[in-house]
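So this block is run29.cif, mmCIF, C-alpha atoms and all ligand atoms:
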```cif
data_input
loop_
_atom_site.label_atom_id
_atom_site.label_comp_id
_atom_site.auth_asym_id
_atom_site.auth_seq_id
_atom_site.Cartn_x
_atom_site.Cartn_y
_atom_site.Cartn_z
CA MET A 1 4.34 98.67 -85.49
CA LYS A 2 2.07 96.28 -87.38
CA LEU A 3 2.72 92.54 -87.23
CA ALA A 4 0.93 89.96 -89.37
CA VAL A 5 1.07 86.66 -87.48
CA ILE A 6 0.36 83.64 -89.68
CA VAL A 7 -0.73 80.26 -88.32
CA GLY A 8 -2.57 77.24 -89.69
CA ALA A 9 -1.66 73.97 -88.00
CA ARG A 10 -2.12 72.70 -84.46
CA PRO A 11 1.39 73.27 -83.02
CA GLN A 12 1.41 76.82 -84.37
CA PHE A 13 -1.50 77.86 -82.18
CA ILE A 14 0.60 77.01 -79.11
CA LYS A 15 3.66 78.85 -80.44
CA MET A 16 1.63 81.87 -81.49
CA ALA A 17 0.07 82.10 -78.02
CA VAL A 18 3.52 82.76 -76.55
CA ILE A 19 4.16 85.67 -78.93
CA HIS A 20 0.61 86.97 -78.37
CA ARG A 21 1.27 87.10 -74.61
CA ALA A 22 4.54 88.95 -75.17
CA ILE A 23 2.74 91.49 -77.39
CA GLN A 24 0.02 92.01 -74.79
CA LYS A 25 2.64 92.55 -72.10
CA ASN A 26 4.43 95.07 -74.31
CA ASN A 27 1.18 96.93 -74.97
CA GLN A 28 0.44 97.18 -71.25
CA GLU A 29 3.76 98.88 -70.56
CA LYS A 30 3.37 102.63 -70.82
CA SER A 31 6.96 103.17 -71.95
CA SER A 32 6.65 100.78 -74.94
CA LYS A 33 5.24 101.64 -78.33
CA PRO A 34 2.03 99.67 -78.98
CA ILE A 35 2.23 96.76 -81.38
CA GLN A 36 -0.73 95.99 -83.59
CA GLU A 37 -1.12 92.24 -84.11
CA THR A 38 -3.24 90.82 -86.94
CA LEU A 39 -3.76 87.09 -86.72
CA ILE A 40 -4.19 85.25 -90.01
CA HIS A 41 -5.29 81.60 -89.90
CA THR A 42 -4.79 79.74 -93.17
CA GLY A 43 -7.37 77.11 -92.22
CA GLN A 44 -4.92 74.19 -92.66
CA HIS A 45 -6.26 72.54 -89.48
CA TYR A 46 -10.00 72.98 -89.02
CA ASP A 47 -11.56 70.17 -86.95
CA TYR A 48 -12.61 71.43 -83.51
CA GLY A 49 -10.11 69.14 -81.75
CA MET A 50 -7.24 70.19 -84.03
CA ASN A 51 -8.02 73.89 -83.98
CA GLN A 52 -10.66 75.76 -81.97
CA VAL A 53 -10.05 73.85 -78.72
CA PHE A 54 -6.56 75.38 -78.58
CA PHE A 55 -7.95 78.91 -78.91
CA ASP A 56 -10.57 78.19 -76.25
CA GLU A 57 -8.18 76.64 -73.72
CA MET A 58 -5.47 79.26 -74.02
CA GLY A 59 -7.97 82.13 -74.15
CA LEU A 60 -6.74 83.32 -77.54
CA PRO A 61 -8.62 85.86 -79.64
CA ALA A 62 -10.33 84.54 -82.76
CA PRO A 63 -8.20 85.02 -85.87
CA ASP A 64 -8.79 88.36 -87.58
CA ILE A 65 -8.79 86.56 -90.91
CA ASN A 66 -9.44 82.90 -91.70
CA LEU A 67 -8.58 81.80 -95.23
CA ASN A 68 -10.32 78.42 -94.78
CA ILE A 69 -7.87 76.60 -97.01
CA HIS A 70 -7.34 72.89 -96.45
CA SER A 71 -6.58 70.17 -98.89
CA SER A 72 -4.61 66.97 -98.83
CA LEU A 73 -2.50 67.87 -101.88
CA GLN A 74 0.67 69.71 -100.86
CA GLY A 75 0.98 72.00 -103.90
CA GLU A 76 -2.70 72.79 -104.15
CA MET A 77 -2.89 73.76 -100.49
CA THR A 78 0.28 75.84 -100.50
CA GLY A 79 -0.60 77.58 -103.78
CA ALA A 80 -4.06 78.56 -102.60
CA MET A 81 -2.59 79.93 -99.37
CA ILE A 82 -0.03 82.06 -101.22
CA THR A 83 -2.74 83.55 -103.46
CA SER A 84 -4.95 84.51 -100.53
CA LEU A 85 -2.14 85.65 -98.27
CA GLU A 86 -0.78 87.95 -100.96
CA LYS A 87 -4.13 89.76 -101.16
CA GLU A 88 -4.38 90.09 -97.38
CA LEU A 89 -0.81 91.31 -96.96
CA LEU A 90 -1.19 93.82 -99.78
CA ALA A 91 -4.23 95.28 -98.06
CA MET A 92 -2.69 95.20 -94.59
CA LYS A 93 0.86 96.42 -95.34
CA PRO A 94 2.40 95.02 -92.15
CA ASP A 95 5.91 95.95 -91.00
CA CYS A 96 6.72 92.29 -90.58
CA VAL A 97 5.23 88.83 -91.05
CA VAL A 98 5.74 86.35 -88.21
CA ILE A 99 5.69 82.63 -89.06
CA PHE A 100 6.31 79.49 -87.04
CA GLY A 101 7.86 76.10 -87.63
CA ASP A 102 7.79 74.10 -90.84
CA THR A 103 4.27 73.57 -92.12
CA ASN A 104 2.76 74.43 -95.49
CA SER A 105 1.23 77.51 -93.82
CA THR A 106 4.76 78.60 -92.82
CA LEU A 107 6.03 78.18 -96.38
CA ALA A 108 3.06 80.00 -97.91
CA GLY A 109 3.45 82.90 -95.46
CA ALA A 110 7.15 83.22 -96.24
CA LEU A 111 6.71 83.10 -100.02
CA ALA A 112 3.82 85.57 -100.06
CA ALA A 113 5.69 88.05 -97.84
CA SER A 114 9.02 87.77 -99.64
CA LYS A 115 7.52 88.70 -103.03
CA LEU A 116 5.98 91.79 -101.43
CA HIS A 117 9.30 92.71 -99.76
CA ILE A 118 7.78 92.46 -96.30
CA PRO A 119 10.35 91.41 -93.67
CA ILE A 120 9.87 87.84 -92.43
CA ALA A 121 10.50 86.72 -88.85
CA HIS A 122 10.75 82.93 -88.55
CA VAL A 123 10.24 81.42 -85.12
CA GLU A 124 11.76 77.92 -84.73
CA SER A 125 14.41 78.45 -87.33
CA GLY A 126 17.47 76.34 -88.21
CA LEU A 127 16.09 72.86 -87.58
CA ARG A 128 17.03 70.16 -90.08
CA SER A 129 16.29 66.46 -90.43
CA PHE A 130 18.42 66.22 -93.59
CA ASN A 131 15.63 64.13 -95.10
CA LYS A 132 14.26 65.92 -98.14
CA LYS A 133 11.46 63.39 -98.50
CA MET A 134 9.69 65.20 -95.65
CA PRO A 135 7.61 68.15 -96.87
CA GLU A 136 8.55 69.88 -93.61
CA GLU A 137 12.28 69.74 -94.45
CA ILE A 138 11.74 71.48 -97.79
CA ASN A 139 9.60 74.06 -96.01
CA ARG A 140 12.34 74.72 -93.44
CA ILE A 141 15.12 75.12 -95.99
CA VAL A 142 13.13 77.49 -98.22
CA VAL A 143 11.73 79.53 -95.32
CA ASP A 144 15.10 79.97 -93.61
CA SER A 145 16.77 80.98 -96.86
CA ILE A 146 14.33 83.88 -97.41
CA SER A 147 13.65 84.96 -93.81
CA ASP A 148 15.05 88.25 -92.52
CA ILE A 149 15.05 87.50 -88.79
CA LEU A 150 15.63 83.92 -87.72
CA PHE A 151 14.90 82.82 -84.15
CA CYS A 152 16.60 79.57 -83.14
CA PRO A 153 15.27 77.43 -80.28
CA CYS A 154 18.66 75.84 -79.53
CA LYS A 155 22.39 76.09 -80.24
CA ASN A 156 22.44 73.34 -82.92
CA ALA A 157 19.86 75.25 -84.95
CA GLN A 158 21.91 78.44 -84.69
CA ASP A 159 25.08 76.61 -85.80
CA GLN A 160 23.22 75.12 -88.76
CA LEU A 161 22.06 78.52 -90.03
CA LYS A 162 25.59 79.89 -89.72
CA LYS A 163 26.85 76.90 -91.73
CA GLU A 164 24.24 77.58 -94.42
CA ASN A 165 25.28 81.22 -94.50
CA VAL A 166 21.67 82.44 -94.58
CA SER A 167 21.28 86.13 -95.35
CA GLY A 168 18.95 87.01 -92.45
CA ARG A 169 19.93 87.94 -88.87
CA ILE A 170 20.20 84.93 -86.59
CA PHE A 171 19.23 85.00 -82.91
CA LEU A 172 19.33 82.27 -80.29
CA SER A 173 16.03 82.87 -78.52
CA GLY A 174 15.25 79.58 -76.78
CA ASP A 175 12.14 77.57 -77.54
CA VAL A 176 8.67 79.11 -77.32
CA MET A 177 7.30 75.61 -76.64
CA TYR A 178 9.26 75.60 -73.38
CA ASP A 179 7.78 78.99 -72.41
CA SER A 180 4.37 77.54 -73.12
CA PHE A 181 5.00 74.37 -71.13
CA LEU A 182 6.07 76.35 -68.07
CA HIS A 183 3.19 78.79 -68.40
CA PHE A 184 0.42 76.19 -68.77
CA LYS A 185 1.65 73.12 -66.90
CA LYS A 186 -0.34 74.03 -63.79
CA ARG A 187 -3.49 73.90 -65.95
CA ALA A 188 -2.78 70.38 -67.22
CA LYS A 189 -5.88 68.16 -67.33
CA THR A 190 -4.87 64.89 -65.72
CA PRO A 191 -6.57 61.77 -67.08
CA LYS A 192 -8.25 59.33 -64.71
CA ILE A 193 -6.17 56.36 -65.87
CA LYS A 194 -4.97 54.10 -63.06
CA GLU A 195 -2.68 51.66 -64.91
CA PRO A 196 0.71 52.66 -66.34
CA PHE A 197 0.52 53.57 -70.02
CA ALA A 198 2.67 54.81 -72.89
CA LEU A 199 1.46 57.91 -74.72
CA ALA A 200 1.82 57.68 -78.50
CA THR A 201 1.16 59.99 -81.45
CA LEU A 202 1.61 59.26 -85.13
CA HIS A 203 0.90 61.60 -88.02
CA ARG A 204 3.95 62.15 -90.25
CA ALA A 205 3.24 61.45 -93.90
CA GLU A 206 6.34 59.24 -94.17
CA ASN A 207 4.77 56.89 -91.58
CA THR A 208 1.04 57.17 -92.27
CA ASP A 209 1.18 57.13 -96.06
CA ASP A 210 3.48 54.09 -96.24
CA LEU A 211 1.40 51.02 -95.43
CA ILE A 212 4.39 48.79 -94.62
CA ARG A 213 5.77 51.34 -92.16
CA LEU A 214 2.35 52.00 -90.68
CA LYS A 215 1.62 48.32 -90.10
CA SER A 216 5.00 47.60 -88.60
CA ILE A 217 4.61 50.51 -86.17
CA PHE A 218 1.19 49.22 -85.07
CA SER A 219 2.50 45.69 -84.61
CA ALA A 220 5.37 47.00 -82.44
CA LEU A 221 2.95 49.10 -80.36
CA GLU A 222 0.88 45.97 -79.86
CA ASN A 223 3.95 44.41 -78.21
CA SER A 224 4.58 47.29 -75.82
CA PRO A 225 5.00 46.00 -72.24
CA ILE A 226 2.30 48.46 -71.11
CA PRO A 227 -0.86 49.62 -72.92
CA VAL A 228 -0.42 52.37 -75.49
CA LEU A 229 -2.79 55.34 -75.60
CA LEU A 230 -2.90 56.71 -79.15
CA PRO A 231 -4.87 59.93 -79.75
CA LEU A 232 -5.52 59.75 -83.48
CA HIS A 233 -4.55 62.52 -85.87
CA PRO A 234 -7.18 62.77 -88.68
CA ARG A 235 -4.57 61.76 -91.27
CA THR A 236 -3.79 58.53 -89.36
CA LYS A 237 -7.46 57.82 -88.75
CA LYS A 238 -8.14 58.12 -92.49
CA GLU A 239 -5.32 55.69 -93.35
CA ILE A 240 -6.49 53.12 -90.78
CA LYS A 241 -9.98 53.25 -92.24
CA LYS A 242 -8.87 53.24 -95.87
CA ASN A 243 -6.65 50.18 -95.38
CA GLY A 244 -9.05 48.31 -93.10
CA ILE A 245 -6.42 48.04 -90.34
CA ILE A 246 -7.66 46.47 -87.12
CA LEU A 247 -5.69 47.56 -84.10
CA GLY A 248 -4.84 45.11 -81.31
CA GLN A 249 -6.07 45.23 -77.72
CA ASN A 250 -2.91 46.87 -76.40
CA ILE A 251 -3.54 50.05 -78.42
CA LYS A 252 -6.30 52.34 -77.13
CA THR A 253 -7.19 55.11 -79.56
CA SER A 254 -8.95 58.37 -78.78
CA ASP A 255 -9.77 61.66 -80.49
CA PRO A 256 -6.92 64.19 -80.65
CA LEU A 257 -6.16 65.62 -77.20
CA SER A 258 -6.41 69.28 -76.35
CA TYR A 259 -3.18 70.97 -75.27
CA PHE A 260 -4.00 70.92 -71.55
CA SER A 261 -5.11 67.32 -71.79
CA MET A 262 -1.88 66.44 -73.60
CA LEU A 263 0.13 68.05 -70.78
CA GLY A 264 -1.85 66.00 -68.24
CA HIS A 265 -1.38 62.76 -70.17
CA LEU A 266 2.33 63.46 -70.52
CA ALA A 267 2.69 63.95 -66.79
CA LYS A 268 0.93 60.68 -66.05
CA SER A 269 2.47 58.55 -68.82
CA SER A 270 5.41 56.22 -68.26
CA PHE A 271 7.02 57.09 -71.57
CA VAL A 272 6.26 58.60 -74.97
CA ILE A 273 6.29 57.12 -78.49
CA THR A 274 5.94 59.66 -81.28
CA ASP A 275 6.86 60.97 -84.71
CA SER A 276 5.88 64.53 -83.75
CA GLY A 277 8.57 67.17 -83.43
CA GLY A 278 6.85 69.07 -80.64
CA LEU A 279 6.02 66.05 -78.50
CA GLN A 280 9.66 64.92 -78.43
CA LYS A 281 10.47 68.11 -76.57
CA GLU A 282 7.36 68.09 -74.42
CA ALA A 283 8.34 64.58 -73.31
CA TYR A 284 11.71 65.99 -72.29
CA PHE A 285 10.14 69.00 -70.51
CA SER A 286 7.96 66.49 -68.61
CA GLY A 287 10.93 64.27 -67.75
CA LYS A 288 9.68 61.30 -69.80
CA PRO A 289 11.82 59.08 -72.06
CA CYS A 290 10.80 59.29 -75.70
CA LEU A 291 10.95 56.69 -78.46
CA THR A 292 10.85 58.51 -81.78
CA LEU A 293 9.18 56.75 -84.71
CA ARG A 294 11.58 58.14 -87.29
CA ASN A 295 15.03 57.42 -88.67
CA GLU A 296 16.25 60.92 -87.89
CA THR A 297 15.17 63.90 -85.82
CA GLU A 298 15.68 67.65 -85.89
CA TRP A 299 16.11 67.65 -82.12
CA VAL A 300 19.50 65.92 -82.11
CA GLU A 301 20.49 67.29 -78.71
CA LEU A 302 17.80 65.12 -77.11
CA ILE A 303 19.39 62.04 -78.66
CA ASP A 304 22.94 63.13 -77.78
CA GLN A 305 21.99 63.71 -74.16
CA GLY A 306 20.12 60.44 -73.77
CA PHE A 307 16.52 61.69 -73.46
CA ASN A 308 15.30 60.34 -76.77
CA LYS A 309 15.90 57.23 -78.87
CA LEU A 310 15.27 56.89 -82.61
CA VAL A 311 13.48 53.62 -83.28
CA GLY A 312 12.28 54.01 -86.89
CA THR A 313 9.45 51.51 -87.14
CA PHE A 314 10.93 49.41 -84.32
CA GLU A 315 12.50 47.07 -86.89
CA ALA A 316 15.54 46.46 -84.67
CA ASN A 317 15.22 45.18 -81.11
CA PRO A 318 11.87 46.54 -79.90
CA GLU A 319 12.43 44.84 -76.52
CA THR A 320 15.63 46.82 -75.93
CA ALA A 321 13.89 50.06 -76.92
CA PHE A 322 10.93 49.45 -74.58
CA LYS A 323 13.31 48.47 -71.77
CA TRP A 324 15.27 51.70 -72.26
CA ALA A 325 12.05 53.73 -72.22
CA GLN A 326 11.03 52.30 -68.85
CA GLN A 327 14.09 53.69 -67.11
CA PRO A 328 13.72 57.11 -65.47
CA ILE A 329 15.43 60.08 -67.08
CA VAL A 330 18.38 61.46 -65.16
CA ASN A 331 20.39 64.67 -65.59
CA PHE A 332 17.47 66.71 -66.81
CA GLY A 333 19.06 69.95 -68.03
CA LYS A 334 18.09 73.11 -69.83
CA ILE A 335 18.63 72.83 -73.55
CA TYR A 336 15.91 75.12 -74.85
CA GLY A 337 16.40 78.37 -72.98
CA ASP A 338 14.95 79.79 -69.77
CA GLY A 339 11.28 79.98 -70.65
CA ASN A 340 11.42 83.59 -71.84
CA ALA A 341 11.85 83.01 -75.58
CA GLY A 342 8.64 84.94 -76.36
CA GLU A 343 9.92 88.15 -74.78
CA ILE A 344 13.39 87.74 -76.29
CA ILE A 345 11.82 87.32 -79.73
CA LEU A 346 9.57 90.35 -79.40
CA ASN A 347 12.37 92.59 -78.09
CA LYS A 348 14.71 91.60 -80.91
CA LEU A 349 11.92 92.13 -83.43
CA VAL A 350 11.16 95.62 -82.15
CA ASP A 351 14.89 96.51 -82.22
CA HIS A 352 15.35 95.08 -85.68
CA LEU A 353 12.34 96.84 -87.21
CA LYS A 354 13.12 100.27 -85.71
C1 LIG A 401 0.89 69.29 -90.56
C2 LIG A 401 2.33 69.75 -90.84
C3 LIG A 401 3.28 69.11 -89.83
C4 LIG A 401 2.80 69.30 -88.40
C5 LIG A 401 1.35 68.81 -88.30
C6 LIG A 401 0.78 69.00 -86.90
C7 LIG A 401 2.76 70.24 -93.20
C8 LIG A 401 3.43 69.78 -94.44
N1 LIG A 401 2.77 69.37 -92.17
O1 LIG A 401 0.81 67.90 -90.85
O2 LIG A 401 4.57 69.68 -89.98
O3 LIG A 401 3.61 68.56 -87.53
O4 LIG A 401 0.55 69.53 -89.23
O5 LIG A 401 -0.43 68.29 -86.77
O6 LIG A 401 2.23 71.33 -93.17
N2 LIG A 401 -7.12 67.00 -91.44
C9 LIG A 401 -8.40 66.88 -90.94
N3 LIG A 401 -8.77 67.73 -89.95
C10 LIG A 401 -7.93 68.68 -89.44
C11 LIG A 401 -6.63 68.76 -89.95
C12 LIG A 401 -6.24 67.91 -90.95
O7 LIG A 401 -9.18 66.05 -91.37
O8 LIG A 401 -8.34 69.45 -88.55
C13 LIG A 401 -6.71 66.14 -92.56
C14 LIG A 401 -6.33 66.95 -93.80
O9 LIG A 401 -7.42 67.31 -94.58
C15 LIG A 401 -5.36 66.01 -94.48
C16 LIG A 401 -4.70 65.30 -93.31
O10 LIG A 401 -5.56 65.44 -92.19
O11 LIG A 401 -6.05 65.08 -95.28
C17 LIG A 401 -3.34 65.83 -93.01
O12 LIG A 401 -3.39 67.23 -92.73
P1 LIG A 401 -2.27 68.21 -93.31
O13 LIG A 401 -2.66 69.60 -93.01
O14 LIG A 401 -1.96 67.84 -94.70
O15 LIG A 401 -0.94 67.90 -92.55
P2 LIG A 401 -0.61 67.24 -91.15
O16 LIG A 401 -0.36 65.79 -91.33
O17 LIG A 401 -1.59 67.64 -90.09
#
```

Let me see whether you can do it: turn the structure in this file into structure tokens.
Ligand code: UD1
Amino acid sequence: MKLAVIVGARPQFIKMAVIHRAIQKNNQEKSSKPIQETLIHTGQHYDYGMNQVFFDEMGLPAPDINLNIHSSLQGEMTGAMITSLEKELLAMKPDCVVIFGDTNSTLAGALAASKLHIPIAHVESGLRSFNKKMPEEINRIVVDSISDILFCPCKNAQDQLKKENVSGRIFLSGDVMYDSFLHFKKRAKTPKIKEPFALATLHRAENTDDLIRLKSIFSALENSPIPVLLPLHPRTKKEIKKNGIILGQNIKTSDPLSYFSMLGHLAKSSFVITDSGGLQKEAYFSGKPCLTLRNETEWVELIDQGFNKLVGTFEANPETAFKWAQQPIVNFGKIYGDGNAGEIILNKLVDHLK
């Protein structure tokens, strides 16, 4: 069986690593049929700290193909990816294309494969923010509607796909990010920071590309009761520079963190402030309260169960939000599976493609 695995953006390298491990395990078992994996990198993320460091840390093979496509315009980037992916997929003739999450690389992979009638497996399916201003939400809706095999990380995602009556087969697999967290947490790189700190990330276009939102987030972070460590996504760095924003003393910026360093910072932080989808869950896996810099989230179960609080740009009661975040999390449960989503996904894929 030939699988074309398509990645492009930082969180996808982590998710892909889980499937890669499951494929390797399958190929070591004498009774299983070997699976041929071809890794295609669109090039969406390309800085060392956003890309190669993840391959190095997790010991991943270099992509078989790198399309080297990156651009800040949504349509231009996605269009160029579709054109190149179509050529590669035509030459490769895989039995299935595997895509992850909700990025432009995910959308391009799905569109290119669907026109060539190649089955599409979508990992991290069924999530919705119900905010169509986010490019990611459009990507999710389109990708789920044309995918053949949809792997849901949690029950809410599965229910959503059933409600939408998607034509593909739906499976509740658990979350590959949880598999990854369990697998790599012993390799976390702990920072040598003595004082308590909050760990923050900020990169969503709806926050970074709206100057009023961006400034109000920074002014709230400045008022955090403990210092805020903010590893800067290139998009956020560009906006800070472009708008001549000067950050206050309470915000300490750094380059983007590697995955293992992020796990170490999470473990040592007092709480998390983020607009990232992945970090909201990693905060939960690490037992840290999370303040989410958005008006809605796809991970509603974290809100419902009291692990996460939506704060928007902190316009209402920042003191109450910070106070909440300084209380320890109780009743940590298992919402995202048992840490074996990768194997579940691969087994279902093999069965489905027989
Ligand atoms: C993308 C995904 C988002 C995901 C995020 C993870 C889409 C629509 N969004 O957002 O879902 O959560 O990745 O980080 O696909 N840049 C660099 N160096 C890099 C990478 C990006 O300078 O290594 C620049 C780009 O050129 C661009 C900006 O940062 O100007 C934003 O990058 P882009 O790929 O558009 O989306 P992200 O904000 O990273």

Given all atoms listed in the file as the basis, pick out the residue of A:Glu29, A:Glu86, A:Asp102, A:Asp64 nearest to ligand LIG 401 (chain A).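 Closest to ligand LIG 401 (chain A), using all atoms listed in the file: A:Asp102.
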
Quick one: residues within 9 Å of (4.6, 76.2, -94.8) (file frame), counting only C-alpha atoms, please, as a ChimeraX atom specification. /A:8,78,99-111,135-136,139-140,143

Residue selection dump (C-alpha atoms) as a short mmCIF file (atom, residue, chain, number, x, y, z; two decimals), keeping the file's coordinate frame:
```cif
data_model
loop_
_atom_site.label_atom_id
_atom_site.label_comp_id
_atom_site.auth_asym_id
_atom_site.auth_seq_id
_atom_site.Cartn_x
_atom_site.Cartn_y
_atom_site.Cartn_z
CA GLY A 8 -2.57 77.24 -89.69
CA THR A 78 0.28 75.84 -100.50
CA ILE A 99 5.69 82.63 -89.06
CA PHE A 100 6.31 79.49 -87.04
CA GLY A 101 7.86 76.10 -87.63
CA ASP A 102 7.79 74.10 -90.84
CA THR A 103 4.27 73.57 -92.12
CA ASN A 104 2.76 74.43 -95.49
CA SER A 105 1.23 77.51 -93.82
CA THR A 106 4.76 78.60 -92.82
CA LEU A 107 6.03 78.18 -96.38
CA ALA A 108 3.06 80.00 -97.91
CA GLY A 109 3.45 82.90 -95.46
CA ALA A 110 7.15 83.22 -96.24
CA LEU A 111 6.71 83.10 -100.02
CA PRO A 135 7.61 68.15 -96.87
CA GLU A 136 8.55 69.88 -93.61
CA ASN A 139 9.60 74.06 -96.01
CA ARG A 140 12.34 74.72 -93.44
CA VAL A 143 11.73 79.53 -95.32
#
```

Could you tell me, counting only C-alpha atoms and all ligand atoms, which protein and nucleic acid residues lie no more than 7 Å from ligand LIG 401 (chain A), written as a list in words?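 Selection of residues at most 7 Å from ligand LIG 401 (chain A): Ala9, Arg10, Pro11, Gln44, His45, Tyr46, Asp47, Tyr48, Met50, Asn51, His70, Ser71, Ser72, Gln74, Asp102, Thr103, Asn104, Ser105, Pro135, Glu136, His203, Arg204, Ala205, Pro234, Arg235, Ser276 and Gly277 of chain A.
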
Among the residues A:Cys290, A:Ile193, A:Ile303, A:Ile344, the one that comes closest to A:Ala321 [using all atoms listed in the file]: A:Cys290

Rank nothing, just name the residue among A:Val5, A:Leu221, A:Ala200, A:Ile170 nearest to A:Lys348, using only C-alpha atoms. A:Ile170

Atomic separation - atom CA of A:Gly342 relative to atom CA of A:Ala283, Å: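 Going from atom CA of A:Ala283 over to atom CA of A:Gly342 covers 20.6 Å.
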
Missing atoms in stretch 176-190 of chain A: fill them in up to N, CA, C and O atoms and send the result as a compact mmCIF listing (two decimals), in the frame of the given file.
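Dumped to result_20.txt:
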```
# COMPACT_ATOMS: atom_id res chain seq x y z
N VAL A 176 9.97 78.62 -77.81
CA VAL A 176 8.67 79.11 -77.32
C VAL A 176 7.82 77.98 -76.73
O VAL A 176 6.97 78.21 -75.87
N MET A 177 8.05 76.75 -77.19
CA MET A 177 7.30 75.61 -76.64
C MET A 177 7.64 75.38 -75.16
O MET A 177 6.82 74.89 -74.40
N TYR A 178 8.88 75.73 -74.79
CA TYR A 178 9.26 75.60 -73.38
C TYR A 178 8.58 76.68 -72.55
O TYR A 178 8.07 76.42 -71.46
N ASP A 179 8.53 77.89 -73.09
CA ASP A 179 7.78 78.99 -72.41
C ASP A 179 6.35 78.51 -72.14
O ASP A 179 5.81 78.68 -71.05
N SER A 180 5.77 77.93 -73.20
CA SER A 180 4.37 77.54 -73.12
C SER A 180 4.16 76.43 -72.08
O SER A 180 3.23 76.47 -71.29
N PHE A 181 5.08 75.48 -72.09
CA PHE A 181 5.00 74.37 -71.13
C PHE A 181 5.02 74.91 -69.70
O PHE A 181 4.19 74.54 -68.87
N LEU A 182 5.96 75.81 -69.43
CA LEU A 182 6.07 76.35 -68.07
C LEU A 182 4.83 77.16 -67.70
O LEU A 182 4.34 77.09 -66.57
N HIS A 183 4.33 77.91 -68.67
CA HIS A 183 3.19 78.79 -68.40
C HIS A 183 1.91 77.99 -68.10
O HIS A 183 1.12 78.37 -67.25
N PHE A 184 1.71 76.89 -68.84
CA PHE A 184 0.42 76.19 -68.77
C PHE A 184 0.45 74.89 -67.97
O PHE A 184 -0.59 74.26 -67.82
N LYS A 185 1.62 74.47 -67.49
CA LYS A 185 1.65 73.12 -66.90
C LYS A 185 0.75 73.00 -65.66
O LYS A 185 0.21 71.94 -65.39
N LYS A 186 0.55 74.10 -64.97
CA LYS A 186 -0.34 74.03 -63.79
C LYS A 186 -1.80 73.85 -64.20
O LYS A 186 -2.65 73.52 -63.39
N ARG A 187 -2.10 74.07 -65.48
CA ARG A 187 -3.49 73.90 -65.95
C ARG A 187 -3.71 72.57 -66.66
O ARG A 187 -4.75 72.35 -67.29
N ALA A 188 -2.69 71.69 -66.56
CA ALA A 188 -2.78 70.38 -67.22
C ALA A 188 -4.02 69.63 -66.75
O ALA A 188 -4.37 69.68 -65.56
N LYS A 189 -4.70 68.96 -67.69
CA LYS A 189 -5.88 68.16 -67.33
C LYS A 189 -5.43 66.71 -67.20
O LYS A 189 -5.14 66.04 -68.20
N THR A 190 -5.40 66.23 -65.97
CA THR A 190 -4.87 64.89 -65.72
C THR A 190 -5.92 63.83 -66.00
O THR A 190 -7.04 63.92 -65.49
```
